[in-house]
Amino acid sequence: MALYIAVYDEEVVNAALKLTRLEGIIPALESAHAIAALEKLHFKESGIVVVNLSGRGDKDMETYKIHLEKDE
C-alpha cells in the first residue's frame, strides 16, 4: 500500500529550513518533500520515524535564497 501526500513549495522550504536549524543539515529539496509530509501525519509518541536524506542541499541554495528573499 502506498500513501501519497501533497505538499506545497512553501511547506517544503520551511521543512528544510527547520531541519537545518535543528540538526545543521541542509537537505536536498527532494528529501525536504518527505520532511514536509511528516508534518501532515500523526504518529504515536513512542514511534520511530526514519527518513532517508538523499542528495545535497548545497546544490539547491539558489532556490532557498529566492524563498528567503521573498520573506524579507
# chains A, B, ... in the order shown; residues from 1 in each chain; ligands from 1
call {"tool": "select_by_dssp", "arguments": {"residues": "chain A", "states": "alpha helix (DSSP H)", "output": "ChimeraX atom specification"}}
result
/A:9-23,29-38,61-70
call {"tool": "residues_around", "arguments": {"residues": "region 48-51 of chain A", "least_positions_apart": "6", "cutoff": "12 Å", "atoms": "only C-alpha atoms", "output": "list in words"}}
result
Leu19, Pro27, Glu30, Ser31, Ala32, His33, Ala34, Ile35, Ala36, Ala37, Leu38, Glu39, Leu41 and His42 of chain A
call {"tool": "residues_around", "arguments": {"residues": "Ile26 (chain A)", "least_positions_apart": "5", "cutoff": "12 Å", "atoms": "only C-alpha atoms", "output": "PyMOL selection string"}}
result
chain A and resi 13-21+31-32+35+53-61+64
call {"tool": "atom_distance", "arguments": {"atom1": "CA of Leu22 (chain A)", "atom2": "CA of Leu3 (chain A)"}}
result
26.7 Å
call {"tool": "atom_distance", "arguments": {"atom1": "CA of Lys40 (chain A)", "atom2": "CA of Leu68 (chain A)"}}
result
22.8 Å
call {"tool": "decode", "arguments": {"residues": "region 30-69 of chain A", "atoms": "N, CA and C atoms", "output": "PDB file, in the first residue's frame"}}
result
ATOM      1  N   GLU A  30      14.434  17.379  -2.774  1.00  0.00           N
ATOM      2  CA  GLU A  30      13.724  16.108  -2.904  1.00  0.00           C
ATOM      3  C   GLU A  30      13.467  15.495  -1.531  1.00  0.00           C
ATOM      4  N   SER A  31      14.476  15.507  -0.682  1.00  0.00           N
ATOM      5  CA  SER A  31      14.324  14.968   0.675  1.00  0.00           C
ATOM      6  C   SER A  31      13.427  15.856   1.528  1.00  0.00           C
ATOM      7  N   ALA A  32      13.488  17.141   1.298  1.00  0.00           N
ATOM      8  CA  ALA A  32      12.665  18.075   2.074  1.00  0.00           C
ATOM      9  C   ALA A  32      11.179  17.835   1.833  1.00  0.00           C
ATOM     10  N   HIS A  33      10.820  17.289   0.673  1.00  0.00           N
ATOM     11  CA  HIS A  33       9.416  16.942   0.431  1.00  0.00           C
ATOM     12  C   HIS A  33       8.944  15.908   1.451  1.00  0.00           C
ATOM     13  N   ALA A  34       9.773  14.925   1.725  1.00  0.00           N
ATOM     14  CA  ALA A  34       9.408  13.891   2.699  1.00  0.00           C
ATOM     15  C   ALA A  34       9.292  14.481   4.097  1.00  0.00           C
ATOM     16  N   ILE A  35      10.184  15.389   4.423  1.00  0.00           N
ATOM     17  CA  ILE A  35      10.146  16.024   5.740  1.00  0.00           C
ATOM     18  C   ILE A  35       8.873  16.852   5.885  1.00  0.00           C
ATOM     19  N   ALA A  36       8.505  17.572   4.830  1.00  0.00           N
ATOM     20  CA  ALA A  36       7.273  18.374   4.866  1.00  0.00           C
ATOM     21  C   ALA A  36       6.041  17.484   5.030  1.00  0.00           C
ATOM     22  N   ALA A  37       6.055  16.326   4.393  1.00  0.00           N
ATOM     23  CA  ALA A  37       4.918  15.408   4.504  1.00  0.00           C
ATOM     24  C   ALA A  37       4.760  14.890   5.931  1.00  0.00           C
ATOM     25  N   LEU A  38       5.867  14.755   6.655  1.00  0.00           N
ATOM     26  CA  LEU A  38       5.794  14.273   8.041  1.00  0.00           C
ATOM     27  C   LEU A  38       4.915  15.158   8.906  1.00  0.00           C
ATOM     28  N   GLU A  39       4.914  16.447   8.602  1.00  0.00           N
ATOM     29  CA  GLU A  39       4.116  17.394   9.381  1.00  0.00           C
ATOM     30  C   GLU A  39       2.616  17.113   9.251  1.00  0.00           C
ATOM     31  N   LYS A  40       2.232  16.397   8.207  1.00  0.00           N
ATOM     32  CA  LYS A  40       0.815  16.131   7.954  1.00  0.00           C
ATOM     33  C   LYS A  40       0.371  14.764   8.463  1.00  0.00           C
ATOM     34  N   LEU A  41       1.298  14.003   9.008  1.00  0.00           N
ATOM     35  CA  LEU A  41       0.989  12.659   9.506  1.00  0.00           C
ATOM     36  C   LEU A  41       0.979  12.655  11.026  1.00  0.00           C
ATOM     37  N   HIS A  42       0.309  11.679  11.588  1.00  0.00           N
ATOM     38  CA  HIS A  42       0.246  11.551  13.042  1.00  0.00           C
ATOM     39  C   HIS A  42       0.882  10.217  13.430  1.00  0.00           C
ATOM     40  N   PHE A  43       1.783  10.277  14.387  1.00  0.00           N
ATOM     41  CA  PHE A  43       2.490   9.093  14.852  1.00  0.00           C
ATOM     42  C   PHE A  43       2.284   8.938  16.352  1.00  0.00           C
ATOM     43  N   LYS A  44       2.467   7.726  16.820  1.00  0.00           N
ATOM     44  CA  LYS A  44       2.451   7.513  18.265  1.00  0.00           C
ATOM     45  C   LYS A  44       3.655   8.226  18.859  1.00  0.00           C
ATOM     46  N   GLU A  45       3.483   8.721  20.064  1.00  0.00           N
ATOM     47  CA  GLU A  45       4.575   9.440  20.707  1.00  0.00           C
ATOM     48  C   GLU A  45       5.806   8.549  20.866  1.00  0.00           C
ATOM     49  N   SER A  46       5.590   7.260  21.038  1.00  0.00           N
ATOM     50  CA  SER A  46       6.705   6.331  21.200  1.00  0.00           C
ATOM     51  C   SER A  46       7.217   5.805  19.859  1.00  0.00           C
ATOM     52  N   GLY A  47       6.632   6.264  18.764  1.00  0.00           N
ATOM     53  CA  GLY A  47       7.008   5.775  17.442  1.00  0.00           C
ATOM     54  C   GLY A  47       8.365   6.281  16.987  1.00  0.00           C
ATOM     55  N   ILE A  48       8.929   5.557  16.049  1.00  0.00           N
ATOM     56  CA  ILE A  48      10.206   5.930  15.446  1.00  0.00           C
ATOM     57  C   ILE A  48       9.978   6.140  13.956  1.00  0.00           C
ATOM     58  N   VAL A  49      10.473   7.232  13.432  1.00  0.00           N
ATOM     59  CA  VAL A  49      10.344   7.539  12.015  1.00  0.00           C
ATOM     60  C   VAL A  49      11.740   7.656  11.425  1.00  0.00           C
ATOM     61  N   VAL A  50      11.952   7.019  10.288  1.00  0.00           N
ATOM     62  CA  VAL A  50      13.231   7.092   9.595  1.00  0.00           C
ATOM     63  C   VAL A  50      12.992   7.752   8.242  1.00  0.00           C
ATOM     64  N   VAL A  51      13.755   8.799   7.958  1.00  0.00           N
ATOM     65  CA  VAL A  51      13.682   9.471   6.660  1.00  0.00           C
ATOM     66  C   VAL A  51      15.075   9.438   6.057  1.00  0.00           C
ATOM     67  N   ASN A  52      15.173   8.917   4.854  1.00  0.00           N
ATOM     68  CA  ASN A  52      16.450   8.874   4.155  1.00  0.00           C
ATOM     69  C   ASN A  52      16.673  10.212   3.457  1.00  0.00           C
ATOM     70  N   LEU A  53      17.739  10.894   3.823  1.00  0.00           N
ATOM     71  CA  LEU A  53      18.071  12.169   3.188  1.00  0.00           C
ATOM     72  C   LEU A  53      19.074  11.910   2.073  1.00  0.00           C
ATOM     73  N   SER A  54      18.599  11.997   0.848  1.00  0.00           N
ATOM     74  CA  SER A  54      19.488  11.786  -0.296  1.00  0.00           C
ATOM     75  C   SER A  54      19.819  13.133  -0.923  1.00  0.00           C
ATOM     76  N   GLY A  55      20.891  13.178  -1.619  1.00  0.00           N
ATOM     77  CA  GLY A  55      21.274  14.415  -2.291  1.00  0.00           C
ATOM     78  C   GLY A  55      21.919  15.408  -1.339  1.00  0.00           C
ATOM     79  N   ARG A  56      22.249  16.567  -1.904  1.00  0.00           N
ATOM     80  CA  ARG A  56      22.912  17.607  -1.120  1.00  0.00           C
ATOM     81  C   ARG A  56      22.173  18.920  -1.306  1.00  0.00           C
ATOM     82  N   GLY A  57      21.835  19.538  -0.192  1.00  0.00           N
ATOM     83  CA  GLY A  57      21.097  20.791  -0.236  1.00  0.00           C
ATOM     84  C   GLY A  57      21.895  21.972  -0.735  1.00  0.00           C
ATOM     85  N   ASP A  58      23.230  21.857  -0.711  1.00  0.00           N
ATOM     86  CA  ASP A  58      24.024  22.982  -1.195  1.00  0.00           C
ATOM     87  C   ASP A  58      23.796  23.220  -2.687  1.00  0.00           C
ATOM     88  N   LYS A  59      23.312  22.221  -3.404  1.00  0.00           N
ATOM     89  CA  LYS A  59      23.000  22.396  -4.824  1.00  0.00           C
ATOM     90  C   LYS A  59      21.703  23.172  -5.025  1.00  0.00           C
ATOM     91  N   ASP A  60      20.904  23.298  -3.976  1.00  0.00           N
ATOM     92  CA  ASP A  60      19.614  23.985  -4.047  1.00  0.00           C
ATOM     93  C   ASP A  60      19.649  25.358  -3.398  1.00  0.00           C
ATOM     94  N   MET A  61      20.832  25.868  -3.125  1.00  0.00           N
ATOM     95  CA  MET A  61      20.939  27.128  -2.390  1.00  0.00           C
ATOM     96  C   MET A  61      20.274  28.294  -3.107  1.00  0.00           C
ATOM     97  N   GLU A  62      20.305  28.314  -4.438  1.00  0.00           N
ATOM     98  CA  GLU A  62      19.663  29.409  -5.170  1.00  0.00           C
ATOM     99  C   GLU A  62      18.157  29.403  -4.911  1.00  0.00           C
ATOM    100  N   THR A  63      17.549  28.236  -4.877  1.00  0.00           N
ATOM    101  CA  THR A  63      16.111  28.126  -4.597  1.00  0.00           C
ATOM    102  C   THR A  63      15.813  28.581  -3.174  1.00  0.00           C
ATOM    103  N   TYR A  64      16.643  28.148  -2.226  1.00  0.00           N
ATOM    104  CA  TYR A  64      16.460  28.582  -0.839  1.00  0.00           C
ATOM    105  C   TYR A  64      16.596  30.101  -0.737  1.00  0.00           C
ATOM    106  N   LYS A  65      17.580  30.642  -1.425  1.00  0.00           N
ATOM    107  CA  LYS A  65      17.823  32.088  -1.386  1.00  0.00           C
ATOM    108  C   LYS A  65      16.612  32.859  -1.911  1.00  0.00           C
ATOM    109  N   ILE A  66      16.058  32.417  -3.034  1.00  0.00           N
ATOM    110  CA  ILE A  66      14.882  33.084  -3.610  1.00  0.00           C
ATOM    111  C   ILE A  66      13.728  33.061  -2.616  1.00  0.00           C
ATOM    112  N   HIS A  67      13.524  31.934  -1.974  1.00  0.00           N
ATOM    113  CA  HIS A  67      12.432  31.812  -0.999  1.00  0.00           C
ATOM    114  C   HIS A  67      12.654  32.746   0.189  1.00  0.00           C
ATOM    115  N   LEU A  68      13.858  32.796   0.685  1.00  0.00           N
ATOM    116  CA  LEU A  68      14.143  33.641   1.846  1.00  0.00           C
ATOM    117  C   LEU A  68      14.031  35.118   1.501  1.00  0.00           C
ATOM    118  N   GLU A  69      14.416  35.497   0.298  1.00  0.00           N
ATOM    119  CA  GLU A  69      14.299  36.904  -0.105  1.00  0.00           C
ATOM    120  C   GLU A  69      12.836  37.323  -0.231  1.00  0.00           C
TER     121      GLU A  69
END
